[in-house]
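entry16.cif follows (mmCIF, C-alpha atoms, pLDDT in the B column; chains and numbers go by the auth columns):
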```
data_structure
#
loop_
_atom_site.group_PDB
_atom_site.id
_atom_site.type_symbol
_atom_site.label_atom_id
_atom_site.label_comp_id
_atom_site.label_asym_id
_atom_site.label_seq_id
_atom_site.Cartn_x
_atom_site.Cartn_y
_atom_site.Cartn_z
_atom_site.B_iso_or_equiv
_atom_site.auth_seq_id
_atom_site.auth_asym_id
ATOM 1 C CA MET A 1 107.670 106.609 128.446 39.00 1 A
ATOM 2 C CA ASP A 2 110.572 107.477 126.173 43.00 2 A
ATOM 3 C CA GLU A 3 109.714 108.681 122.716 56.00 3 A
ATOM 4 C CA ALA A 4 109.722 105.892 120.182 68.00 4 A
ATOM 5 C CA GLY A 5 109.431 105.432 116.444 81.00 5 A
ATOM 6 C CA THR A 6 106.143 105.060 114.601 90.00 6 A
ATOM 7 C CA THR A 7 106.365 101.428 113.443 91.00 7 A
ATOM 8 C CA ARG A 8 104.179 99.849 116.136 92.00 8 A
ATOM 9 C CA LEU A 9 101.686 102.712 115.941 94.00 9 A
ATOM 10 C CA GLU A 10 101.305 102.184 112.200 94.00 10 A
ATOM 11 C CA ALA A 11 101.003 98.402 112.489 94.00 11 A
ATOM 12 C CA PHE A 12 98.278 98.561 115.133 95.00 12 A
ATOM 13 C CA SER A 13 96.404 101.367 113.366 96.00 13 A
ATOM 14 C CA ASP A 14 96.515 99.607 109.989 96.00 14 A
ATOM 15 C CA GLY A 15 95.046 96.495 111.599 96.00 15 A
ATOM 16 C CA VAL A 16 92.127 98.453 113.063 96.00 16 A
ATOM 17 C CA PHE A 17 91.449 100.205 109.752 96.00 17 A
ATOM 18 C CA ALA A 18 91.481 96.885 107.899 95.00 18 A
ATOM 19 C CA ILE A 19 89.084 95.230 110.337 95.00 19 A
ATOM 20 C CA ALA A 20 86.693 98.199 110.345 96.00 20 A
ATOM 21 C CA ALA A 21 86.575 98.235 106.538 94.00 21 A
ATOM 22 C CA THR A 22 86.035 94.468 106.374 93.00 22 A
ATOM 23 C CA LEU A 23 83.183 94.543 108.899 92.00 23 A
ATOM 24 C CA LEU A 24 81.225 96.866 106.612 91.00 24 A
ATOM 25 C CA VAL A 25 80.536 94.212 104.001 85.00 25 A
ATOM 26 C CA LEU A 26 79.466 91.677 106.626 79.00 26 A
ATOM 27 C CA GLU A 27 76.447 93.862 107.389 74.00 27 A
ATOM 28 C CA ILE A 28 75.008 93.394 103.876 76.00 28 A
ATOM 29 C CA GLY A 29 72.452 90.607 103.772 74.00 29 A
ATOM 30 C CA VAL A 30 69.548 89.462 101.600 72.00 30 A
ATOM 31 C CA ASP A 31 66.311 87.980 102.946 69.00 31 A
ATOM 32 C CA THR A 32 64.192 85.957 100.509 64.00 32 A
ATOM 33 C CA ARG A 33 62.116 84.188 103.178 69.00 33 A
ATOM 34 C CA ASN A 34 59.093 86.375 102.448 70.00 34 A
ATOM 35 C CA GLY A 35 58.719 84.983 98.939 67.00 35 A
ATOM 36 C CA GLY A 36 60.555 87.715 97.051 69.00 36 A
ATOM 37 C CA THR A 37 62.919 86.803 94.261 77.00 37 A
ATOM 38 C CA LEU A 38 66.623 87.214 94.774 79.00 38 A
ATOM 39 C CA GLY A 39 66.787 89.847 92.058 79.00 39 A
ATOM 40 C CA ASN A 40 64.083 91.968 93.671 78.00 40 A
ATOM 41 C CA GLU A 41 65.641 91.643 97.106 75.00 41 A
ATOM 42 C CA LEU A 42 69.041 92.681 95.748 79.00 42 A
ATOM 43 C CA LEU A 43 67.434 95.827 94.350 79.00 43 A
ATOM 44 C CA LYS A 44 65.537 96.566 97.551 80.00 44 A
ATOM 45 C CA ILE A 45 68.678 96.730 99.671 81.00 45 A
ATOM 46 C CA TRP A 46 70.156 99.674 97.749 87.00 46 A
ATOM 47 C CA PRO A 47 70.588 101.610 101.028 86.00 47 A
ATOM 48 C CA SER A 48 73.015 98.890 102.115 89.00 48 A
ATOM 49 C CA TYR A 49 75.146 99.433 99.016 90.00 49 A
ATOM 50 C CA LEU A 50 75.057 103.200 99.475 91.00 50 A
ATOM 51 C CA ALA A 51 76.015 102.954 103.146 92.00 51 A
ATOM 52 C CA TYR A 52 78.790 100.465 102.356 93.00 52 A
ATOM 53 C CA VAL A 53 80.382 102.609 99.643 92.00 53 A
ATOM 54 C CA MET A 54 80.052 105.755 101.748 93.00 54 A
ATOM 55 C CA SER A 55 81.684 104.205 104.813 94.00 55 A
ATOM 56 C CA PHE A 56 84.367 102.302 102.910 94.00 56 A
ATOM 57 C CA LEU A 57 85.460 105.459 101.114 93.00 57 A
ATOM 58 C CA THR A 58 85.368 107.404 104.385 94.00 58 A
ATOM 59 C CA ILE A 59 87.505 104.841 106.196 95.00 59 A
ATOM 60 C CA GLY A 60 89.809 104.745 103.175 92.00 60 A
ATOM 61 C CA VAL A 61 90.282 108.523 103.281 92.00 61 A
ATOM 62 C CA ILE A 62 90.917 108.404 107.033 93.00 62 A
ATOM 63 C CA TRP A 63 93.534 105.696 106.504 94.00 63 A
ATOM 64 C CA ILE A 64 95.240 107.584 103.656 91.00 64 A
ATOM 65 C CA ASN A 65 95.424 110.743 105.772 91.00 65 A
ATOM 66 C CA HIS A 66 96.628 108.778 108.788 94.00 66 A
ATOM 67 C CA HIS A 67 99.345 107.113 106.725 93.00 67 A
ATOM 68 C CA HIS A 68 100.486 110.418 105.240 92.00 68 A
ATOM 69 C CA CYS A 69 100.563 112.248 108.560 94.00 69 A
ATOM 70 C CA VAL A 70 102.459 109.471 110.322 95.00 70 A
ATOM 71 C CA SER A 71 105.014 109.519 107.499 93.00 71 A
ATOM 72 C CA LEU A 72 105.840 113.081 108.586 95.00 72 A
ATOM 73 C CA MET A 73 106.483 112.001 112.166 96.00 73 A
ATOM 74 C CA ALA A 74 109.760 110.721 113.558 94.00 74 A
ATOM 75 C CA ARG A 75 108.483 109.637 116.981 94.00 75 A
ATOM 76 C CA VAL A 76 105.453 109.179 119.206 94.00 76 A
ATOM 77 C CA ASP A 77 104.859 109.649 122.912 94.00 77 A
ATOM 78 C CA ARG A 78 102.334 108.318 125.429 94.00 78 A
ATOM 79 C CA PRO A 79 99.739 111.145 125.084 96.00 79 A
ATOM 80 C CA PHE A 80 99.810 110.768 121.305 96.00 80 A
ATOM 81 C CA LEU A 81 99.272 107.016 121.570 96.00 81 A
ATOM 82 C CA PHE A 82 96.264 107.692 123.790 97.00 82 A
ATOM 83 C CA ILE A 83 94.793 110.156 121.281 97.00 83 A
ATOM 84 C CA ASN A 84 95.454 107.677 118.467 97.00 84 A
ATOM 85 C CA THR A 85 93.606 104.996 120.444 97.00 85 A
ATOM 86 C CA LEU A 86 90.581 107.283 120.826 97.00 86 A
ATOM 87 C CA LEU A 87 90.628 107.993 117.099 97.00 87 A
ATOM 88 C CA LEU A 88 90.747 104.272 116.299 97.00 88 A
ATOM 89 C CA LEU A 89 87.913 103.672 118.773 97.00 89 A
ATOM 90 C CA VAL A 90 85.690 105.919 116.671 97.00 90 A
ATOM 91 C CA VAL A 91 86.896 104.421 113.380 97.00 91 A
ATOM 92 C CA SER A 92 86.133 100.895 114.577 96.00 92 A
ATOM 93 C CA PHE A 93 82.649 102.077 115.622 97.00 93 A
ATOM 94 C CA ILE A 94 81.743 103.274 112.092 97.00 94 A
ATOM 95 C CA PRO A 95 80.316 99.873 110.980 96.00 95 A
ATOM 96 C CA PHE A 96 77.541 100.169 113.599 96.00 96 A
ATOM 97 C CA PRO A 97 75.965 103.452 112.406 96.00 97 A
ATOM 98 C CA THR A 98 76.597 102.244 108.853 95.00 98 A
ATOM 99 C CA LYS A 99 74.354 99.272 109.608 94.00 99 A
ATOM 100 C CA LEU A 100 71.707 101.631 111.005 95.00 100 A
ATOM 101 C CA VAL A 101 71.744 103.715 107.821 94.00 101 A
ATOM 102 C CA ALA A 102 71.501 100.567 105.695 92.00 102 A
ATOM 103 C CA GLN A 103 68.516 99.305 107.686 92.00 103 A
ATOM 104 C CA TYR A 104 66.541 102.504 108.207 93.00 104 A
ATOM 105 C CA LEU A 105 67.252 104.841 105.277 90.00 105 A
ATOM 106 C CA GLN A 106 63.927 105.763 103.626 86.00 106 A
ATOM 107 C CA LYS A 107 62.080 104.032 106.468 91.00 107 A
ATOM 108 C CA PRO A 108 60.715 105.114 109.856 93.00 108 A
ATOM 109 C CA GLY A 109 63.673 105.874 112.080 92.00 109 A
ATOM 110 C CA GLU A 110 65.939 107.115 109.287 94.00 110 A
ATOM 111 C CA GLU A 111 66.565 110.469 110.979 96.00 111 A
ATOM 112 C CA SER A 112 67.906 108.831 114.124 96.00 112 A
ATOM 113 C CA ALA A 113 70.043 106.442 112.082 96.00 113 A
ATOM 114 C CA VAL A 114 71.595 109.216 109.991 97.00 114 A
ATOM 115 C CA LEU A 115 72.084 111.429 113.052 97.00 115 A
ATOM 116 C CA ALA A 116 74.010 108.607 114.733 97.00 116 A
ATOM 117 C CA TYR A 117 76.130 108.200 111.604 97.00 117 A
ATOM 118 C CA SER A 118 76.777 111.919 111.167 97.00 118 A
ATOM 119 C CA ALA A 119 77.599 112.417 114.842 97.00 119 A
ATOM 120 C CA THR A 120 80.141 109.589 114.624 97.00 120 A
ATOM 121 C CA LEU A 121 81.883 111.217 111.666 97.00 121 A
ATOM 122 C CA LEU A 122 81.850 114.618 113.360 97.00 122 A
ATOM 123 C CA LEU A 123 83.487 113.119 116.445 97.00 123 A
ATOM 124 C CA MET A 124 86.028 111.422 114.195 96.00 124 A
ATOM 125 C CA ALA A 125 86.858 114.755 112.523 95.00 125 A
ATOM 126 C CA VAL A 126 87.278 116.490 115.885 97.00 126 A
ATOM 127 C CA LEU A 127 89.580 113.751 117.196 96.00 127 A
ATOM 128 C CA TYR A 128 91.531 113.748 113.946 95.00 128 A
ATOM 129 C CA ASN A 129 92.255 117.456 114.355 95.00 129 A
ATOM 130 C CA VAL A 130 93.292 116.965 117.992 97.00 130 A
ATOM 131 C CA TRP A 131 95.485 114.037 116.882 97.00 131 A
ATOM 132 C CA TRP A 132 97.205 116.057 114.167 96.00 132 A
ATOM 133 C CA TYR A 133 97.683 119.292 116.070 96.00 133 A
ATOM 134 C CA TYR A 134 99.125 117.476 119.066 97.00 134 A
ATOM 135 C CA ALA A 135 101.822 115.981 116.814 95.00 135 A
ATOM 136 C CA ARG A 136 102.295 119.152 114.792 95.00 136 A
ATOM 137 C CA ARG A 137 102.335 121.823 117.522 94.00 137 A
ATOM 138 C CA ASN A 138 105.888 123.149 117.863 93.00 138 A
ATOM 139 C CA ARG A 139 106.846 120.193 115.628 94.00 139 A
ATOM 140 C CA ARG A 140 106.556 118.012 118.747 93.00 140 A
ATOM 141 C CA LEU A 141 106.615 114.697 116.878 95.00 141 A
ATOM 142 C CA ILE A 142 107.537 115.852 113.366 96.00 142 A
ATOM 143 C CA GLY A 143 110.726 114.701 111.670 93.00 143 A
ATOM 144 C CA ASP A 144 113.520 117.255 111.545 93.00 144 A
ATOM 145 C CA ARG A 145 113.800 117.115 107.760 93.00 145 A
ATOM 146 C CA VAL A 146 110.090 117.655 107.048 93.00 146 A
ATOM 147 C CA PRO A 147 109.577 121.159 105.609 93.00 147 A
ATOM 148 C CA ASP A 148 106.938 123.434 107.108 93.00 148 A
ATOM 149 C CA SER A 149 105.225 123.619 103.706 91.00 149 A
ATOM 150 C CA ARG A 150 104.172 119.964 104.032 91.00 150 A
ATOM 151 C CA LEU A 151 102.726 120.621 107.476 93.00 151 A
ATOM 152 C CA ARG A 152 100.761 123.593 106.169 92.00 152 A
ATOM 153 C CA ALA A 153 99.404 121.400 103.369 89.00 153 A
ATOM 154 C CA VAL A 154 98.004 118.976 105.938 91.00 154 A
ATOM 155 C CA ASP A 155 96.609 121.904 107.925 91.00 155 A
ATOM 156 C CA ARG A 156 94.698 123.090 104.846 89.00 156 A
ATOM 157 C CA ALA A 157 93.347 119.597 104.234 86.00 157 A
ATOM 158 C CA PHE A 158 92.046 119.287 107.777 88.00 158 A
ATOM 159 C CA VAL A 159 90.429 122.729 108.062 88.00 159 A
ATOM 160 C CA PRO A 160 87.158 121.852 106.241 89.00 160 A
ATOM 161 C CA GLY A 161 86.603 118.561 108.084 90.00 161 A
ATOM 162 C CA VAL A 162 84.849 119.606 111.286 94.00 162 A
ATOM 163 C CA PRO A 163 82.644 122.305 109.688 96.00 163 A
ATOM 164 C CA ALA A 164 81.707 119.977 106.826 94.00 164 A
ATOM 165 C CA TYR A 165 80.575 117.157 109.109 96.00 165 A
ATOM 166 C CA ALA A 166 78.797 119.655 111.394 97.00 166 A
ATOM 167 C CA ILE A 167 76.793 120.796 108.358 97.00 167 A
ATOM 168 C CA VAL A 168 76.079 117.183 107.434 96.00 168 A
ATOM 169 C CA LEU A 169 74.781 116.592 110.966 97.00 169 A
ATOM 170 C CA ALA A 170 72.524 119.659 110.768 97.00 170 A
ATOM 171 C CA ILE A 171 71.165 118.631 107.360 97.00 171 A
ATOM 172 C CA ALA A 172 70.238 115.223 108.771 96.00 172 A
ATOM 173 C CA PHE A 173 67.463 116.916 110.768 96.00 173 A
ATOM 174 C CA VAL A 174 65.936 118.220 107.532 95.00 174 A
ATOM 175 C CA SER A 175 66.707 115.493 104.999 95.00 175 A
ATOM 176 C CA PRO A 176 68.468 112.295 106.082 95.00 176 A
ATOM 177 C CA LEU A 177 68.940 111.159 102.478 94.00 177 A
ATOM 178 C CA ALA A 178 70.561 114.473 101.521 95.00 178 A
ATOM 179 C CA SER A 179 72.861 114.162 104.538 95.00 179 A
ATOM 180 C CA VAL A 180 73.961 110.709 103.390 94.00 180 A
ATOM 181 C CA ILE A 181 74.548 111.871 99.813 94.00 181 A
ATOM 182 C CA ILE A 182 76.613 114.856 100.981 95.00 182 A
ATOM 183 C CA THR A 183 78.683 112.556 103.208 94.00 183 A
ATOM 184 C CA LEU A 184 79.382 110.375 100.180 91.00 184 A
ATOM 185 C CA CYS A 185 80.359 113.471 98.184 90.00 185 A
ATOM 186 C CA ILE A 186 82.781 114.572 100.914 89.00 186 A
ATOM 187 C CA ALA A 187 84.503 111.184 100.827 87.00 187 A
ATOM 188 C CA ALA A 188 84.549 111.168 97.018 83.00 188 A
ATOM 189 C CA PHE A 189 86.098 114.655 97.026 81.00 189 A
ATOM 190 C CA TYR A 190 88.818 113.887 99.537 78.00 190 A
ATOM 191 C CA LEU A 191 89.872 110.611 97.936 73.00 191 A
ATOM 192 C CA PRO A 192 91.312 111.999 94.659 67.00 192 A
ATOM 193 C CA SER A 193 92.164 115.440 96.021 60.00 193 A
ATOM 194 C CA ALA A 194 94.787 114.272 98.510 53.00 194 A
ATOM 195 C CA ALA A 195 97.595 115.097 96.068 48.00 195 A
ATOM 196 C CA LEU A 196 96.343 118.667 95.686 51.00 196 A
ATOM 197 C CA TRP A 197 97.145 119.515 99.286 50.00 197 A
ATOM 198 C CA GLU A 198 100.841 119.082 98.511 52.00 198 A
ATOM 199 C CA ARG A 199 100.740 122.011 96.086 50.00 199 A
#
```

In structure tokens, what does this structure look like?
Amino acid sequence: MDEAGTTRLEAFSDGVFAIAATLLVLEIGVDTRNGGTLGNELLKIWPSYLAYVMSFLTIGVIWINHHHCVSLMARVDRPFLFINTLLLLVVSFIPFPTKLVAQYLQKPGEESAVLAYSATLLLMAVLYNVWWYYARRNRRLIGDRVPDSRLRAVDRAFVPGVPAYAIVLAIAFVSPLASVIITLCIAAFYLPSAALWER
């Protein structure tokens, strides 16, 4: 396949990100059939809110990084499209482990639920690095006018990802709740700090 621009890649990717983020809220539900009041039931499902915010911020950060990285590219090729598809496969899977965390946090089975969630994010981080370094290596897909300093800024932003999510996965064996809170902190850190990587 001849190298092509990034427009179709961005359009397809944006659609997947939007759907994945929207599916998160559909997993939040309230059950008052057991006689509980609506107010009490809304309070009892706090793990659902936590899981929703955590995953929405995470998907948002992934999308922001994806958008920024693609803006540095002038073209794509078939292997890159394949890697991008694998990355989106993992992103679109995030609502499932999010639902598990919402249902099982602070209940029997929470360790398995959080392990599934953490493993998904670790796989996402690994694929994201493969995705970026394929495009960046020897400036394979990078625009001619993009300075190396901007590429190094992205490199610095991506370095902590895999180790951070590996630690989160390990912590899940000891304290699932702590693992979830740290995951939320990682997303909260990356969201406002994106501009810092340009400096």

Scan for residues within 6 Å of the point (72.5, 114.7, 110.1) in the coordinates of the file, using all atoms listed in the file, and reply as an mmCIF file with C-alpha atoms, keeping the file's coordinate frame.
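And here is the file that came out, out36.cif:
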```
data_model
loop_
_atom_site.group_PDB
_atom_site.id
_atom_site.type_symbol
_atom_site.label_atom_id
_atom_site.label_comp_id
_atom_site.auth_asym_id
_atom_site.auth_seq_id
_atom_site.Cartn_x
_atom_site.Cartn_y
_atom_site.Cartn_z
ATOM 1 C CA VAL A 114 71.595 109.216 109.991
ATOM 2 C CA LEU A 115 72.084 111.429 113.052
ATOM 3 C CA SER A 118 76.777 111.919 111.167
ATOM 4 C CA VAL A 168 76.079 117.183 107.434
ATOM 5 C CA LEU A 169 74.781 116.592 110.966
ATOM 6 C CA ALA A 170 72.524 119.659 110.768
ATOM 7 C CA ILE A 171 71.165 118.631 107.360
ATOM 8 C CA ALA A 172 70.238 115.223 108.771
ATOM 9 C CA PHE A 173 67.463 116.916 110.768
ATOM 10 C CA SER A 179 72.861 114.162 104.538
#
```

message: With distances taken over all atoms listed in the file, which residue among A:Ala74, A:Ala135, A:Ala51, A:Ile167 lies nearest Tyr117 of chain A?
response: A:Ala51

- prompt: For Ile186 of chain A, which residue out of A:Ala119, A:Arg139, A:Ile62, A:Trp46 is the nearest one, using all atoms listed in the file?
  reply: A:Ile62

task: Could you check which of A:Gly5, A:Gly39, A:Gly29, A:Pro47 is closest to Leu100 of chain A, using only C-alpha atoms?
output: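 Result for the nearest residue to Leu100 of chain A: A:Pro47.
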
query: Which residues fall under the PyMOL selection byres ((chain A and resi 154-160) around 9) in this file, as a ChimeraX atom specification?
result: /A:65,68-69,125,128-129,132-133,149-153,161-165,190,194,197-198

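Nearest to Gln106 of chain A of all the residues A:Thr22, A:Leu72, A:Lys44, A:Val16 is A:Lys44, counting only C-alpha atoms.
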
task: Between A:Ile83, A:Ile94, A:Glu111, A:Val146, single out the one closest to Leu127 of chain A, counting all atoms listed in the file.
output: A:Ile83

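Between atom CA of Leu123 of chain A and atom CA of Pro176 of chain A lies a distance of 18.3 Å.
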
With the cut-off set at 9 Å and counting only C-alpha atoms, tabulate each residue of segment 26-114 of chain A with an atom at most that distance from an atom of segment 7-13 of chain A, showing the nearest atom pair and its distance in Å to one decimal, ordered by chain and increasing number, as a tab-separated table.
```
residue	atom	partner	partner_atom	distance
A:Trp63	CA	A:Ser13	CA	8.6
A:His66	CA	A:Ser13	CA	8.7
A:His67	CA	A:Glu10	CA	7.6
A:Val70	CA	A:Glu10	CA	7.6
A:Val76	CA	A:Leu9	CA	8.2
A:Leu81	CA	A:Leu9	CA	7.5
A:Asn84	CA	A:Ser13	CA	8.2
A:Thr85	CA	A:Ser13	CA	8.4
A:Leu88	CA	A:Ser13	CA	7.0
```

field: Nearest to Asp144 of chain A by atom-to-atom distance, counting all atoms listed in the file, from A:Leu105, A:Ile182, A:Met73, A:Val90
entry: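 Looking only at the distances to Asp144 of chain A, the closest residue turns out to be A:Met73.
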
task: Work out how far atom CA of Thr58 of chain A is from atom CA of Phe80 of chain A, in Å to one decimal.
output: 22.5 Å

message: As an exercise, work out the distance from atom CA of Glu110 of chain A to atom CA of Leu26 of chain A in Å and give it to one decimal place.
response: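 Atom CA of Glu110 of chain A sits 20.7 Å away from atom CA of Leu26 of chain A.
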
Where's the centre, and what are the edge lengths in Å to one decimal, of a box along x, y and z enclosing all listed atoms of segment 166-177 of chain A padded 5 Å per side, as lines of an AutoDock Vina configuration file?
```
center_x = 72.4
center_y = 116.0
center_z = 106.9
size_x = 22.9
size_y = 19.6
size_z = 18.9
```
